[in-house]
file target_9.txt (compact mmCIF, C-alpha atoms)
# COMPACT_ATOMS: atom_id res chain seq x y z
CA MET A 1480 -9.03 -18.82 -10.79
CA ILE A 1481 -7.84 -20.29 -14.08
CA TYR A 1482 -7.75 -23.89 -12.82
CA PHE A 1483 -11.31 -24.51 -11.58
CA LYS A 1484 -13.41 -26.93 -13.59
CA GLN A 1485 -16.72 -25.23 -12.83
CA PRO A 1486 -17.00 -21.70 -14.29
CA ILE A 1487 -18.98 -20.53 -11.25
CA SER A 1488 -16.01 -21.16 -8.92
CA SER A 1489 -13.84 -19.19 -11.34
CA ALA A 1490 -16.32 -16.31 -11.33
CA LEU A 1491 -16.49 -16.17 -7.53
CA SER A 1492 -12.71 -16.10 -7.19
CA PHE A 1493 -12.63 -13.46 -9.95
CA ILE A 1494 -14.83 -11.25 -7.75
CA VAL A 1495 -12.31 -11.62 -4.92
CA THR A 1496 -9.47 -10.66 -7.28
CA LEU A 1497 -11.36 -7.59 -8.54
CA LEU A 1498 -12.14 -6.37 -5.03
CA SER A 1499 -8.47 -6.74 -4.04
CA ILE A 1500 -7.43 -4.74 -7.09
CA ALA A 1501 -9.99 -2.09 -6.11
CA GLY A 1502 -8.33 -1.86 -2.70
CA LEU A 1503 -4.96 -1.40 -4.37
CA PHE A 1504 -6.45 1.43 -6.49
CA ALA A 1505 -7.58 3.15 -3.30
CA LEU A 1506 -4.09 2.71 -1.85
CA LEU A 1507 -2.57 4.35 -4.95
CA GLY A 1508 -4.81 7.40 -4.69
CA GLY A 1509 -7.36 6.53 -7.35
CA SER A 1510 -10.52 7.10 -5.36
CA PHE A 1511 -12.74 7.43 -8.43
CA LEU A 1512 -11.28 4.28 -9.98
CA PHE A 1513 -11.88 2.45 -6.71
CA LEU A 1514 -15.58 3.29 -6.91
CA VAL A 1515 -15.80 2.51 -10.63
CA GLN A 1516 -14.03 -0.81 -10.16
CA ILE A 1517 -16.45 -1.91 -7.45
CA ILE A 1518 -19.61 -0.61 -9.15
CA ILE A 1519 -18.91 -1.57 -12.77
CA TYR A 1520 -16.65 -4.61 -12.53
CA ALA A 1521 -17.73 -6.35 -9.35
CA GLY A 1522 -21.24 -4.97 -9.52
CA ALA A 1523 -22.18 -5.22 -13.19
CA VAL A 1524 -19.77 -7.35 -15.21
CA VAL A 1525 -19.25 -10.25 -12.80
CA THR A 1526 -22.91 -10.22 -11.78
CA LEU A 1527 -23.76 -10.50 -15.48
CA ILE A 1528 -21.34 -13.43 -15.79
CA LEU A 1529 -22.89 -15.18 -12.78
CA PHE A 1530 -26.38 -14.50 -14.13
CA ILE A 1531 -25.49 -16.02 -17.52
CA ILE A 1532 -23.85 -19.04 -15.87
CA MET A 1533 -26.97 -19.71 -13.81
CA PHE A 1534 -29.27 -18.90 -16.76
CA LEU A 1535 -27.56 -21.46 -19.00
CA ASN A 1536 -28.01 -24.21 -16.37
CA ILE A 1537 -24.67 -25.86 -17.13
CA LYS A 1538 -24.45 -29.57 -16.41
CA GLU A 1539 -21.39 -31.76 -16.15
CA GLU A 1540 -21.69 -33.01 -19.75
CA ASN A 1541 -21.83 -29.46 -21.14
CA LEU A 1542 -18.36 -28.65 -19.86
CA PRO A 1543 -15.50 -29.18 -22.28
CA HIS A 1544 -13.49 -32.33 -21.82
CA GLU A 1545 -9.97 -31.27 -20.86
CA PRO A 1546 -7.84 -34.33 -20.09
CA TYR A 1547 -4.48 -32.56 -20.31
CA LYS A 1548 -5.43 -29.40 -18.39
CA ALA A 1549 -2.74 -29.71 -15.69
CA LYS A 1550 -0.03 -30.40 -18.27
CA TRP A 1551 -1.11 -27.42 -20.40
CA VAL A 1552 -1.18 -25.05 -17.44
CA LEU A 1553 2.25 -26.22 -16.27
CA LEU A 1554 3.76 -25.99 -19.76
CA MET A 1555 2.38 -22.52 -20.40
CA SER A 1556 3.57 -21.31 -16.99
CA LEU A 1557 7.06 -22.55 -17.82
CA LEU A 1558 6.85 -20.76 -21.18
CA VAL A 1559 5.54 -17.46 -19.84
CA SER A 1560 7.62 -17.23 -16.63
CA PRO A 1561 10.95 -16.23 -18.34
CA PHE A 1562 9.29 -13.19 -19.89
CA ALA A 1563 7.65 -12.25 -16.59
CA LEU A 1564 10.97 -12.64 -14.76
CA MET A 1565 12.70 -10.50 -17.39
CA LEU A 1566 10.12 -7.74 -16.97
CA ILE A 1567 10.34 -7.94 -13.17
CA SER A 1568 14.12 -7.63 -13.23
CA THR A 1569 13.78 -4.64 -15.55
CA VAL A 1570 11.34 -2.99 -13.16
CA ASN A 1571 13.67 -3.69 -10.24
CA THR A 1572 16.42 -1.59 -11.83
CA ILE A 1573 14.24 1.54 -11.65
CA ASN A 1574 14.33 3.53 -8.45
CA PHE A 1575 10.76 4.20 -7.42
CA ALA A 1576 9.82 6.61 -4.70
CA PRO A 1577 8.07 5.05 -1.72
CA LEU A 1578 4.33 5.41 -1.43
CA HIS A 1579 3.29 8.89 -0.42
CA LEU A 1580 -0.19 9.28 0.98
CA GLN A 1581 -1.10 12.87 0.36
CA ASN A 1582 -4.11 14.51 -1.19
CA PHE A 1583 -3.77 13.24 -4.75
CA GLY A 1584 -6.29 11.90 -7.21
CA SER A 1585 -9.44 13.49 -5.84
CA ILE A 1586 -12.61 12.90 -7.82
CA LYS A 1587 -12.82 16.58 -8.78
CA ALA A 1588 -9.34 16.55 -10.33
CA VAL A 1589 -10.10 13.37 -12.27
CA GLY A 1590 -13.31 14.92 -13.58
CA MET A 1591 -11.49 18.08 -14.66
CA THR A 1592 -8.91 16.01 -16.56
CA LEU A 1593 -11.61 13.84 -18.12
CA PHE A 1594 -13.69 16.75 -19.41
CA ASN A 1595 -10.80 19.01 -20.43
CA GLN A 1596 -8.16 16.87 -22.12
CA TRP A 1597 -10.15 13.68 -22.80
CA ILE A 1598 -13.47 15.02 -24.03
CA PHE A 1599 -13.17 13.55 -27.56
CA PRO A 1600 -12.25 9.99 -26.42
CA PHE A 1601 -15.12 10.27 -23.93
CA GLU A 1602 -17.60 10.90 -26.75
CA MET A 1603 -16.04 8.08 -28.77
CA ILE A 1604 -16.59 5.73 -25.80
CA SER A 1605 -20.27 6.61 -25.77
CA ILE A 1606 -20.55 5.81 -29.49
CA LEU A 1607 -18.71 2.52 -28.87
CA LEU A 1608 -21.18 1.59 -26.15
CA LEU A 1609 -24.07 2.39 -28.50
CA ILE A 1610 -22.53 0.16 -31.19
CA ALA A 1611 -22.10 -2.66 -28.67
CA LEU A 1612 -25.74 -2.30 -27.61
CA ILE A 1613 -26.97 -2.52 -31.21
CA GLY A 1614 -24.70 -5.50 -31.87
CA VAL A 1615 -26.04 -7.40 -28.87
CA VAL A 1616 -29.63 -6.72 -29.90
CA ILE A 1617 -28.93 -8.01 -33.43
CA LEU A 1618 -27.17 -11.13 -32.09
CA ALA A 1619 -30.07 -11.93 -29.78
CA LYS A 1620 -32.67 -11.29 -32.48
CA LYS A 1621 -31.02 -13.52 -35.08
CA GLU A 1622 -31.06 -16.55 -32.83
CA GLU A 1623 -34.77 -16.03 -32.17
CA GLY A 1624 -35.44 -16.00 -35.89
CA HIS A 1625 -33.72 -19.38 -36.33
CA ASP A 1626 -35.87 -21.20 -33.77
CA MET B 326 8.60 -0.63 2.67
CA ILE B 327 6.12 -0.72 -0.16
CA ASP B 328 7.04 1.30 -3.23
CA VAL B 329 5.38 1.73 -6.60
CA GLY B 330 7.60 -1.00 -8.11
CA SER B 331 5.81 -3.74 -6.18
CA PHE B 332 2.54 -2.72 -7.86
CA PHE B 333 4.31 -3.11 -11.21
CA ILE B 334 5.45 -6.61 -10.23
CA LEU B 335 1.92 -7.56 -9.17
CA GLY B 336 0.59 -6.25 -12.48
CA ILE B 337 3.12 -8.29 -14.45
CA LEU B 338 2.26 -11.44 -12.48
CA LEU B 339 -1.48 -10.93 -13.01
CA PHE B 340 -0.93 -10.40 -16.74
CA SER B 341 1.11 -13.62 -16.95
CA ILE B 342 -1.61 -15.57 -15.14
CA GLY B 343 -4.11 -14.15 -17.63
CA ILE B 344 -2.00 -15.29 -20.60
CA VAL B 345 -1.62 -18.79 -19.12
CA GLY B 346 -5.36 -19.10 -18.53
CA MET B 347 -6.19 -17.75 -21.99
CA ILE B 348 -3.97 -20.25 -23.79
CA SER B 349 -4.27 -23.40 -21.74
CA ARG B 350 -8.01 -23.62 -21.06
CA ARG B 351 -10.87 -24.53 -23.39
CA ASN B 352 -13.78 -23.47 -21.22
CA ILE B 353 -14.91 -20.25 -22.86
CA PHE B 354 -15.97 -18.59 -19.59
CA VAL B 355 -12.52 -19.08 -18.08
CA MET B 356 -10.92 -17.71 -21.26
CA TYR B 357 -13.12 -14.60 -21.06
CA MET B 358 -12.26 -14.05 -17.41
CA SER B 359 -8.56 -14.36 -18.25
CA VAL B 360 -8.92 -11.54 -20.76
CA GLU B 361 -10.59 -9.42 -18.10
CA LEU B 362 -7.78 -10.26 -15.69
CA MET B 363 -5.22 -9.01 -18.23
CA LEU B 364 -7.16 -5.74 -18.64
CA ASN B 365 -7.17 -5.34 -14.86
CA ALA B 366 -3.41 -5.90 -14.69
CA ILE B 367 -2.94 -3.11 -17.25
CA ASN B 368 -5.23 -0.86 -15.21
CA LEU B 369 -3.19 -1.53 -12.09
CA ILE B 370 0.05 -0.62 -13.89
CA LEU B 371 -1.55 2.55 -15.30
CA VAL B 372 -2.70 3.68 -11.86
CA ALA B 373 0.74 2.93 -10.39
CA LEU B 374 2.29 5.07 -13.16
CA SER B 375 -0.19 7.85 -12.41
CA HIS B 376 0.85 7.74 -8.76
CA HIS B 377 4.53 7.75 -9.69
CA TYR B 378 4.37 10.75 -12.00
CA GLU B 379 1.51 12.46 -10.13
CA ASP B 380 -0.33 12.81 -13.41
CA LEU B 381 -4.04 12.09 -13.68
CA ASN B 382 -4.09 11.29 -17.42
CA ALA B 383 -3.23 7.65 -16.73
CA GLN B 384 -6.20 7.32 -14.40
CA VAL B 385 -8.51 8.68 -17.09
CA MET B 386 -7.03 6.10 -19.49
CA ALA B 387 -7.87 3.39 -16.96
CA ILE B 388 -11.47 4.66 -16.85
CA MET B 389 -11.60 4.39 -20.67
CA ILE B 390 -10.32 0.80 -20.45
CA ILE B 391 -13.04 -0.07 -17.93
CA ALA B 392 -15.70 1.39 -20.24
CA ILE B 393 -14.38 -0.63 -23.19
CA ALA B 394 -14.32 -3.76 -21.02
CA ALA B 395 -17.97 -3.21 -20.13
CA ALA B 396 -18.91 -2.96 -23.82
CA GLU B 397 -16.85 -6.08 -24.50
CA ALA B 398 -18.57 -7.99 -21.69
CA SER B 399 -22.03 -7.49 -23.19
CA ILE B 400 -20.98 -8.77 -26.63
CA PHE B 401 -19.06 -11.71 -25.14
CA LEU B 402 -22.02 -12.83 -23.05
CA ALA B 403 -24.41 -12.59 -26.01
CA LEU B 404 -21.97 -14.78 -27.95
CA PHE B 405 -21.85 -17.28 -25.06
CA VAL B 406 -25.65 -17.58 -25.03
CA MET B 407 -25.66 -18.14 -28.80
CA LEU B 408 -22.87 -20.71 -28.56
CA PHE B 409 -24.64 -22.60 -25.80
CA LYS B 410 -27.94 -22.64 -27.68
CA ASN B 411 -26.30 -23.93 -30.84
CA ALA B 412 -23.76 -26.39 -29.46
CA ARG B 413 -24.99 -27.23 -25.92
CA SER B 414 -21.40 -26.88 -24.79
CA LEU B 415 -18.97 -24.31 -23.43
CA ASP B 416 -16.13 -25.66 -25.52
CA ALA B 417 -14.19 -23.01 -27.45
CA ASN B 418 -13.34 -25.65 -30.05
CA PHE B 419 -16.88 -25.24 -31.42
CA PHE B 420 -15.57 -22.22 -33.31
CA GLU B 421 -13.33 -24.60 -35.27
CA LEU B 422 -16.19 -25.12 -37.70
CA LEU B 423 -15.04 -22.01 -39.53
CA LYS B 424 -11.89 -23.95 -40.45
CA GLN B 425 -11.44 -24.78 -44.11
CA GLU B 426 -12.49 -28.34 -44.93
CA LYS B 427 -10.12 -30.70 -46.68
CA HIS B 428 -11.04 -31.80 -50.19
CA HIS B 429 -11.75 -35.49 -50.59
CA ASP B 430 -11.05 -36.09 -54.26

call {"tool": "encode", "arguments": {"input": "target_9.txt", "output": "structure tokens"}}
result
Amino acid sequence: MIYFKQPISSALSFIVTLLSIAGLFALLGGSFLFLVQIIIYAGAVVTLILFIIMFLNIKEENLPHEPYKAKWVLLMSLLVSPFALMLISTVNTINFAPLHLQNFGSIKAVGMTLFNQWIFPFEMISILLLIALIGVVILAKKEEGHD
Amino acid sequence: MIDVGSFFILGILLFSIGIVGMISRRNIFVMYMSVELMLNAINLILVALSHHYEDLNAQVMAIMIIAIAAAEASIFLALFVMLFKNARSLDANFFELLKQEKHHD
């Protein structure tokens, strides 16, 4: 996903990654998160990305020139992998219970938690979405005024 | 036998791939998708924790993260359209023009 030259190939493989993560959510008992992941991420966010990519009509000369891409990716992987290995070995020392598939994480229970303990962050999220909406409108309006 | 620890390991690997893509690429779309990949790795770890402790608060936190990511996506894409209209390029180095210029005297 991070190595493709064309952004549209990256976006299509990103959809595959998101759907696999949604399946893992379902396996872990997050049925509501499974639905949200498919509807919001794969349905809205990545579709928006694909729409913008096609809307911008990107040609070969619009893409950034990256002559040392392979070297950069290799170097950064070498830099990041010790930390990842350290974290993985830390996780391996913990004794986790095997996966139990019982009735856990039903949508009703998630809703009760959301509207009992998390009601204030929920309202804050709605204000954040409103602020993002206003910001996008202002960004789009400004560029019209310049032309 | 699959246990919750393997979900942790997958989350750590996805987060590392996100960091590598964020730092080593200059295409701004790929950088944005790397950020989203990191958020998804965190979500996966949160849901694995929620399964381990049988506590639903972590799942609600993951829902909050998804809502924030949706707000972030709209602003990012508006910025991409502005960048492409101004620079005709998807190069993140266009934002270098905020850098302080050297004095020639």

call {"tool": "residues_near_point", "arguments": {"input": "target_9.txt", "point": "(-8.5, 17.4, -6.3)", "cutoff": "12 Å", "atoms": "all atoms listed in the file", "output": "list in words"}}
result
Gly1508, Gly1509, Ser1510, Phe1511, Gln1581, Asn1582, Phe1583, Gly1584, Ser1585, Ile1586, Lys1587, Ala1588, Val1589, Gly1590, Met1591 and Thr1592 of chain A; Glu379, Asp380 and Leu381 of chain B

call {"tool": "write_last_selection", "arguments": {"input": "target_9.txt", "atoms": "C-alpha atoms", "output": "PDB file, in the frame of the given file"}}
result
ATOM      1  CA  GLY A1508      -4.810   7.400  -4.690  1.00  0.00           C
ATOM      2  CA  GLY A1509      -7.360   6.530  -7.350  1.00  0.00           C
ATOM      3  CA  SER A1510     -10.520   7.100  -5.360  1.00  0.00           C
ATOM      4  CA  PHE A1511     -12.740   7.430  -8.430  1.00  0.00           C
ATOM      5  CA  GLN A1581      -1.100  12.870   0.360  1.00  0.00           C
ATOM      6  CA  ASN A1582      -4.110  14.510  -1.190  1.00  0.00           C
ATOM      7  CA  PHE A1583      -3.770  13.240  -4.750  1.00  0.00           C
ATOM      8  CA  GLY A1584      -6.290  11.900  -7.210  1.00  0.00           C
ATOM      9  CA  SER A1585      -9.440  13.490  -5.840  1.00  0.00           C
ATOM     10  CA  ILE A1586     -12.610  12.900  -7.820  1.00  0.00           C
ATOM     11  CA  LYS A1587     -12.820  16.580  -8.780  1.00  0.00           C
ATOM     12  CA  ALA A1588      -9.340  16.550 -10.330  1.00  0.00           C
ATOM     13  CA  VAL A1589     -10.100  13.370 -12.270  1.00  0.00           C
ATOM     14  CA  GLY A1590     -13.310  14.920 -13.580  1.00  0.00           C
ATOM     15  CA  MET A1591     -11.490  18.080 -14.660  1.00  0.00           C
ATOM     16  CA  THR A1592      -8.910  16.010 -16.560  1.00  0.00           C
TER      17      THR A1592
ATOM     18  CA  GLU B 379       1.510  12.460 -10.130  1.00  0.00           C
ATOM     19  CA  ASP B 380      -0.330  12.810 -13.410  1.00  0.00           C
ATOM     20  CA  LEU B 381      -4.040  12.090 -13.680  1.00  0.00           C
TER      21      LEU B 381
END

call {"tool": "closest_atom_pairs", "arguments": {"input": "target_9.txt", "of": "chain B", "to": "chain A", "cutoff": "7 Å", "atoms": "all atoms listed in the file", "output": "JSON lines"}}
result
{"residue": "B:Ile327", "atom": "CA", "partner": "A:Pro1577", "partner_atom": "CA", "distance": 6.3}
{"residue": "B:Asp328", "atom": "CA", "partner": "A:Pro1577", "partner_atom": "CA", "distance": 4.2}
{"residue": "B:Val329", "atom": "CA", "partner": "A:Phe1575", "partner_atom": "CA", "distance": 6.0}
{"residue": "B:Gly330", "atom": "CA", "partner": "A:Phe1575", "partner_atom": "CA", "distance": 6.1}
{"residue": "B:Ile334", "atom": "CA", "partner": "A:Ile1567", "partner_atom": "CA", "distance": 5.9}
{"residue": "B:Ile337", "atom": "CA", "partner": "A:Ala1563", "partner_atom": "CA", "distance": 6.4}
{"residue": "B:Leu338", "atom": "CA", "partner": "A:Ala1563", "partner_atom": "CA", "distance": 6.8}
{"residue": "B:Ser341", "atom": "CA", "partner": "A:Val1559", "partner_atom": "CA", "distance": 6.5}
{"residue": "B:Val345", "atom": "CA", "partner": "A:Met1555", "partner_atom": "CA", "distance": 5.6}
{"residue": "B:Gly346", "atom": "CA", "partner": "A:Ile1481", "partner_atom": "CA", "distance": 5.2}
{"residue": "B:Ser349", "atom": "CA", "partner": "A:Trp1551", "partner_atom": "CA", "distance": 5.3}
{"residue": "B:Arg350", "atom": "CA", "partner": "A:Lys1548", "partner_atom": "CA", "distance": 6.9}
{"residue": "B:Arg351", "atom": "CA", "partner": "A:Pro1543", "partner_atom": "CA", "distance": 6.7}
{"residue": "B:Asn352", "atom": "CA", "partner": "A:Pro1543", "partner_atom": "CA", "distance": 6.1}
{"residue": "B:Phe354", "atom": "CA", "partner": "A:Pro1486", "partner_atom": "CA", "distance": 6.2}
{"residue": "B:Val355", "atom": "CA", "partner": "A:Ile1481", "partner_atom": "CA", "distance": 6.3}
{"residue": "B:Val372", "atom": "CA", "partner": "A:Phe1504", "partner_atom": "CA", "distance": 6.9}
{"residue": "B:Ala373", "atom": "CA", "partner": "A:Leu1507", "partner_atom": "CA", "distance": 6.5}
{"residue": "B:His376", "atom": "CA", "partner": "A:Leu1507", "partner_atom": "CA", "distance": 6.1}
{"residue": "B:Leu381", "atom": "CA", "partner": "A:Val1589", "partner_atom": "CA", "distance": 6.4}
{"residue": "B:Asn382", "atom": "CA", "partner": "A:Thr1592", "partner_atom": "CA", "distance": 6.8}
{"residue": "B:Val385", "atom": "CA", "partner": "A:Leu1593", "partner_atom": "CA", "distance": 6.1}
{"residue": "B:Ile388", "atom": "CA", "partner": "A:Leu1512", "partner_atom": "CA", "distance": 6.9}
{"residue": "B:Ala395", "atom": "CA", "partner": "A:Val1524", "partner_atom": "CA", "distance": 6.7}
{"residue": "B:Ala396", "atom": "CA", "partner": "A:Leu1608", "partner_atom": "CA", "distance": 5.6}
{"residue": "B:Ala398", "atom": "CA", "partner": "A:Val1524", "partner_atom": "CA", "distance": 6.6}
{"residue": "B:Ser399", "atom": "CA", "partner": "A:Val1615", "partner_atom": "CA", "distance": 7.0}
{"residue": "B:Ile400", "atom": "CA", "partner": "A:Val1615", "partner_atom": "CA", "distance": 5.7}
{"residue": "B:Ala403", "atom": "CA", "partner": "A:Val1615", "partner_atom": "CA", "distance": 6.1}
{"residue": "B:Met407", "atom": "CA", "partner": "A:Glu1622", "partner_atom": "CA", "distance": 6.9}
{"residue": "B:Arg413", "atom": "CA", "partner": "A:Asn1541", "partner_atom": "CA", "distance": 6.1}
{"residue": "B:Ser414", "atom": "CA", "partner": "A:Asn1541", "partner_atom": "CA", "distance": 4.5}
{"residue": "B:Leu415", "atom": "CA", "partner": "A:Leu1542", "partner_atom": "CA", "distance": 5.7}
{"residue": "B:Asp416", "atom": "CA", "partner": "A:Pro1543", "partner_atom": "CA", "distance": 4.8}

call {"tool": "atom_distance", "arguments": {"input": "target_9.txt", "atom1": "CA of Leu369 (chain B)", "atom2": "CA of Met389 (chain B)"}}
result
13.4 Å

call {"tool": "atom_distance", "arguments": {"input": "target_9.txt", "atom1": "CA of Ala392 (chain B)", "atom2": "CA of Ser375 (chain B)"}}
result
18.5 Å

call {"tool": "closest_residue", "arguments": {"input": "target_9.txt", "among": "B:Ile367, B:Met358, B:Met386, B:Ile353", "to": "Val406 (chain B)", "atoms": "only C-alpha atoms"}}
result
B:Ile353

call {"tool": "atom_distance", "arguments": {"input": "target_9.txt", "atom1": "CA of Phe340 (chain B)", "atom2": "CA of Leu362 (chain B)"}}
result
6.9 Å
